[in-house]
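*Asks:* Got protein.txt for you, compact mmCIF, C-alpha atoms:
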```txt
# COMPACT_ATOMS: atom_id res chain seq x y z
CA MET A 1 59.73 39.26 34.33
CA ASP A 2 59.06 35.91 35.99
CA LYS A 3 55.59 35.00 37.20
CA LYS A 4 54.81 36.06 40.74
CA PRO A 5 53.94 33.40 43.34
CA ASN A 6 50.37 32.11 43.32
CA ALA A 7 48.07 31.92 46.38
CA LEU A 8 49.27 28.45 47.46
CA GLN A 9 52.91 29.48 47.13
CA LYS A 10 52.24 32.62 49.20
CA LEU A 11 50.67 30.43 51.90
CA ILE A 12 53.85 28.34 51.93
CA HIS A 13 55.85 31.59 52.23
CA ARG A 14 54.09 32.33 55.54
CA PHE A 15 55.53 29.09 56.93
CA LEU A 16 58.97 29.69 55.42
CA MET A 17 59.34 33.12 57.04
CA LEU A 18 58.94 31.77 60.59
CA ARG A 19 62.16 32.37 62.52
CA PRO A 20 63.00 28.67 63.21
CA VAL A 21 62.29 27.69 59.61
CA THR A 22 64.34 30.62 58.31
CA ALA A 23 67.25 29.60 60.54
CA ILE A 24 67.24 26.14 58.97
CA LEU A 25 66.80 27.45 55.42
CA ALA A 26 69.71 29.87 55.83
CA ARG A 27 71.95 26.87 56.50
CA ILE A 28 70.70 24.35 53.93
CA LEU A 29 68.75 25.94 51.07
CA HIS A 30 71.75 27.11 49.05
CA HIS A 31 73.22 23.58 49.20
CA ALA A 32 70.00 22.05 47.86
CA ASP A 33 69.67 24.71 45.17
CA ARG A 34 73.32 24.35 44.15
CA ALA A 35 72.88 20.58 43.73
CA LEU A 36 69.67 20.96 41.70
CA PHE A 37 71.27 23.62 39.51
CA LYS A 38 74.17 21.28 38.80
CA ILE A 39 71.99 18.24 38.08
CA SER A 40 69.61 20.23 35.84
CA GLY A 41 72.28 22.11 33.93
CA GLY A 42 71.29 25.42 35.54
CA ARG A 43 67.59 25.10 34.72
CA HIS A 44 65.96 24.27 38.09
CA SER A 45 66.18 24.99 41.81
CA ALA A 46 64.42 23.89 44.97
CA ALA A 47 63.04 27.39 45.58
CA GLU A 48 61.07 27.29 42.31
CA ILE A 49 58.47 25.24 44.17
CA VAL A 50 57.46 28.36 46.10
CA GLY A 51 57.41 30.55 43.00
CA LEU A 52 60.57 32.56 43.55
CA PRO A 53 62.75 33.38 40.51
CA ILE A 54 66.12 31.78 41.22
CA ILE A 55 69.40 32.53 39.49
CA GLN A 56 72.88 31.23 40.06
CA LEU A 57 75.25 34.12 40.71
CA THR A 58 79.00 33.65 40.28
CA THR A 59 81.16 36.33 41.84
CA ILE A 60 84.88 36.64 42.49
CA GLY A 61 85.67 36.25 46.19
CA ALA A 62 86.61 39.57 47.81
CA LYS A 63 89.37 37.95 49.87
CA SER A 64 90.15 34.72 48.00
CA GLY A 65 89.99 35.99 44.41
CA GLN A 66 88.32 32.67 43.55
CA PRO A 67 84.97 32.19 41.76
CA ARG A 68 82.04 31.74 44.15
CA ALA A 69 78.67 30.47 42.88
CA ILE A 70 75.47 30.73 44.89
CA PRO A 71 71.76 30.39 44.06
CA LEU A 72 69.77 33.55 44.87
CA VAL A 73 66.39 35.12 44.28
CA GLY A 74 66.85 37.34 41.22
CA LEU A 75 64.18 39.94 40.49
CA PHE A 76 64.03 40.69 36.79
CA ASP A 77 63.43 44.21 35.50
CA GLY A 78 63.80 43.75 31.76
CA GLU A 79 67.41 42.68 31.28
CA ARG A 80 68.45 43.96 34.71
CA ILE A 81 68.34 41.82 37.85
CA ALA A 82 67.89 43.10 41.40
CA LEU A 83 69.36 41.18 44.34
CA ILE A 84 68.27 41.75 47.94
CA GLY A 85 71.03 41.33 50.53
CA SER A 86 68.69 40.23 53.32
CA ASN A 87 70.69 37.12 54.21
CA PHE A 88 67.51 35.71 55.79
CA GLY A 89 67.58 38.57 58.32
CA GLN A 90 70.88 37.44 59.81
CA LYS A 91 73.33 39.77 61.59
CA ARG A 92 75.62 40.33 58.61
CA ASN A 93 75.28 41.08 54.94
CA PRO A 94 75.72 38.04 52.69
CA GLY A 95 79.18 37.18 51.37
CA TRP A 96 78.10 37.68 47.76
CA TYR A 97 77.40 41.36 48.57
CA TYR A 98 81.01 41.97 49.66
CA ASN A 99 82.23 40.06 46.61
CA LEU A 100 80.22 42.31 44.27
CA VAL A 101 81.40 45.47 46.04
CA ALA A 102 85.03 44.34 45.64
CA ASN A 103 84.55 43.12 42.06
CA PRO A 104 81.26 44.11 40.38
CA ASN A 105 81.80 41.83 37.37
CA CYS A 106 79.76 38.67 37.69
CA GLU A 107 77.97 35.91 35.81
CA VAL A 108 74.34 34.82 36.10
CA VAL A 109 72.92 31.48 35.02
CA LYS A 110 69.16 31.33 34.49
CA GLY A 111 67.35 28.64 32.55
CA GLY A 112 70.66 26.97 31.66
CA ARG A 113 72.02 30.12 29.98
CA ALA A 114 74.95 32.15 31.30
CA ARG A 115 75.33 35.90 30.90
CA ARG A 116 77.83 38.48 32.18
CA PHE A 117 76.71 41.44 34.30
CA THR A 118 78.13 44.40 36.19
CA ALA A 119 76.72 45.11 39.66
CA ARG A 120 76.12 48.34 41.50
CA GLU A 121 74.38 49.11 44.77
CA VAL A 122 71.23 51.21 44.44
CA PHE A 123 70.01 53.86 46.88
CA GLY A 124 67.12 56.26 47.38
CA ASP A 125 64.11 56.01 45.09
CA GLU A 126 65.79 53.40 42.90
CA ARG A 127 66.42 51.17 45.91
CA GLU A 128 62.83 51.66 47.10
CA THR A 129 61.50 50.61 43.67
CA TYR A 130 63.39 47.31 43.84
CA TRP A 131 62.57 46.80 47.52
CA GLN A 132 58.86 47.09 46.68
CA MET A 133 59.35 44.67 43.79
CA ALA A 134 60.95 42.22 46.22
CA LEU A 135 58.01 42.54 48.64
CA SER A 136 55.58 41.81 45.80
CA TYR A 137 57.30 38.42 45.39
CA TYR A 138 57.97 37.54 49.01
CA ASP A 139 56.58 39.13 52.19
CA GLY A 140 59.39 37.49 54.15
CA TYR A 141 61.64 40.40 53.27
CA LYS A 142 59.62 42.50 55.76
CA LYS A 143 60.46 40.02 58.52
CA TYR A 144 64.09 39.91 57.48
CA LYS A 145 64.25 43.71 57.65
CA GLU A 146 62.86 43.61 61.21
CA ARG A 147 65.36 40.92 62.24
CA ALA A 148 68.25 42.81 60.65
CA SER A 149 67.15 46.23 61.92
CA HIS A 150 70.69 46.90 63.16
CA ARG A 151 71.99 46.99 59.56
CA HIS A 152 71.02 48.40 56.19
CA ILE A 153 69.85 45.66 53.80
CA PRO A 154 71.67 46.34 50.53
CA VAL A 155 70.00 46.11 47.14
CA MET A 156 72.29 45.36 44.22
CA LEU A 157 71.35 45.86 40.58
CA LEU A 158 72.98 43.72 37.92
CA GLU A 159 73.15 45.32 34.49
CA PRO A 160 74.06 43.19 31.46
CA ASP A 161 77.44 43.67 29.82
CA LYS A 162 77.10 44.68 26.18
```
Would you mind writing the file out in structure tokens?

*Replies:*
Amino acid sequence: MDKKPNALQKLIHRFLMLRPVTAILARILHHADRALFKISGGRHSAAEIVGLPIIQLTTIGAKSGQPRAIPLVGLFDGERIALIGSNFGQKRNPGWYYNLVANPNCEVVKGGRARRFTAREVFGDERETYWQMALSYYDGYKKYKERASHRHIPVMLLEPDK
């Protein structure tokens, strides 16, 4: 499991979860992370500064059938990775969620290494376990849940292909 954010990083989180800041981050952060991932060969992202474990997830588009890569917070549980579909508390679930529902086969790049996974949505106690893990990394998920109270925030679990 990756290191959890330190006290300074958690202080920065408090600023990042403010609604106006979140609105900006929702529009630009994935572009910055994508560029840094490309430049660093999949080893670094902008969000690392705040202590969040970032992966690059490649899915197959639900409608297009084309590969779609996006940097996301990936919560490691041994070889498994949990993804929180908060979408910064926006009105809709993130596109990657629909892609994984349509085609659960995906690829994750972390630390410059690629690996294949199969995704499934988790519910009940299993979902709650990963939700609590997410909160231990970033309190902003609480705010996102409040902002997205009209929808269920999905939690996807990626399990490595053998």

*Asks:* Of the candidates A:Lys162, A:Arg127, A:Lys10, A:Lys91, which shows the shortest atom-to-atom distance to Glu146 (chain A), using only C-alpha atoms?

*Replies:* A:Lys91

*Asks:* Would you compute the distance between CA of Ala134 (chain A) and CA of Ile84 (chain A)? Give it in Å to one decimal.

*Replies:*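 Straight-line distance from CA of Ala134 (chain A) to CA of Ile84 (chain A) works out to 7.5 Å.
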
*Asks:* Write out as a ChimeraX atom specification the residues lying within 9 Å of Tyr98 (chain A), counting all atoms listed in the file and excluding same-chain residues fewer than 5 positions away.

*Replies:* /A:61-62,93,103

*Asks:* Go through region 1-106 of chain A and flag each residue having an atom no more than 8 Å from region 137-143 of chain A; for those, report the closest pair of atoms plus their distance in Å to one decimal, using all atoms listed in the file, ordered by chain and rising number, as a tab-separated table.

*Replies:*
```
residue	atom	partner	partner_atom	distance
A:Lys4	CA	A:Tyr137	CA	5.8
A:Pro5	CA	A:Tyr137	CA	6.4
A:Lys10	CA	A:Tyr138	CA	7.6
A:His13	CA	A:Tyr138	CA	7.1
A:Arg14	CA	A:Gly140	CA	7.5
A:Leu16	CA	A:Gly140	CA	7.9
A:Met17	CA	A:Gly140	CA	5.2
A:Leu52	CA	A:Tyr137	CA	7.0
A:Ser86	CA	A:Tyr141	CA	7.1
A:Phe88	CA	A:Tyr141	CA	7.9
A:Gly89	CA	A:Lys143	CA	7.3
```

*Asks:* Can you tell me how far CA of Thr22 (chain A) sits from CA of Gln90 (chain A), in Å to one decimal?

*Replies:*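 Distance reported for this atom pair: 9.6 Å.
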
*Asks:* Quick one: residues within 10 Å of Glu159 (chain A), only C-alpha atoms, excluding same-chain residues fewer than 2 positions away - as a VMD selection string?

*Replies:* chain A and resid 77 to 82 105 to 106 116 to 120 156 to 157 161 to 162
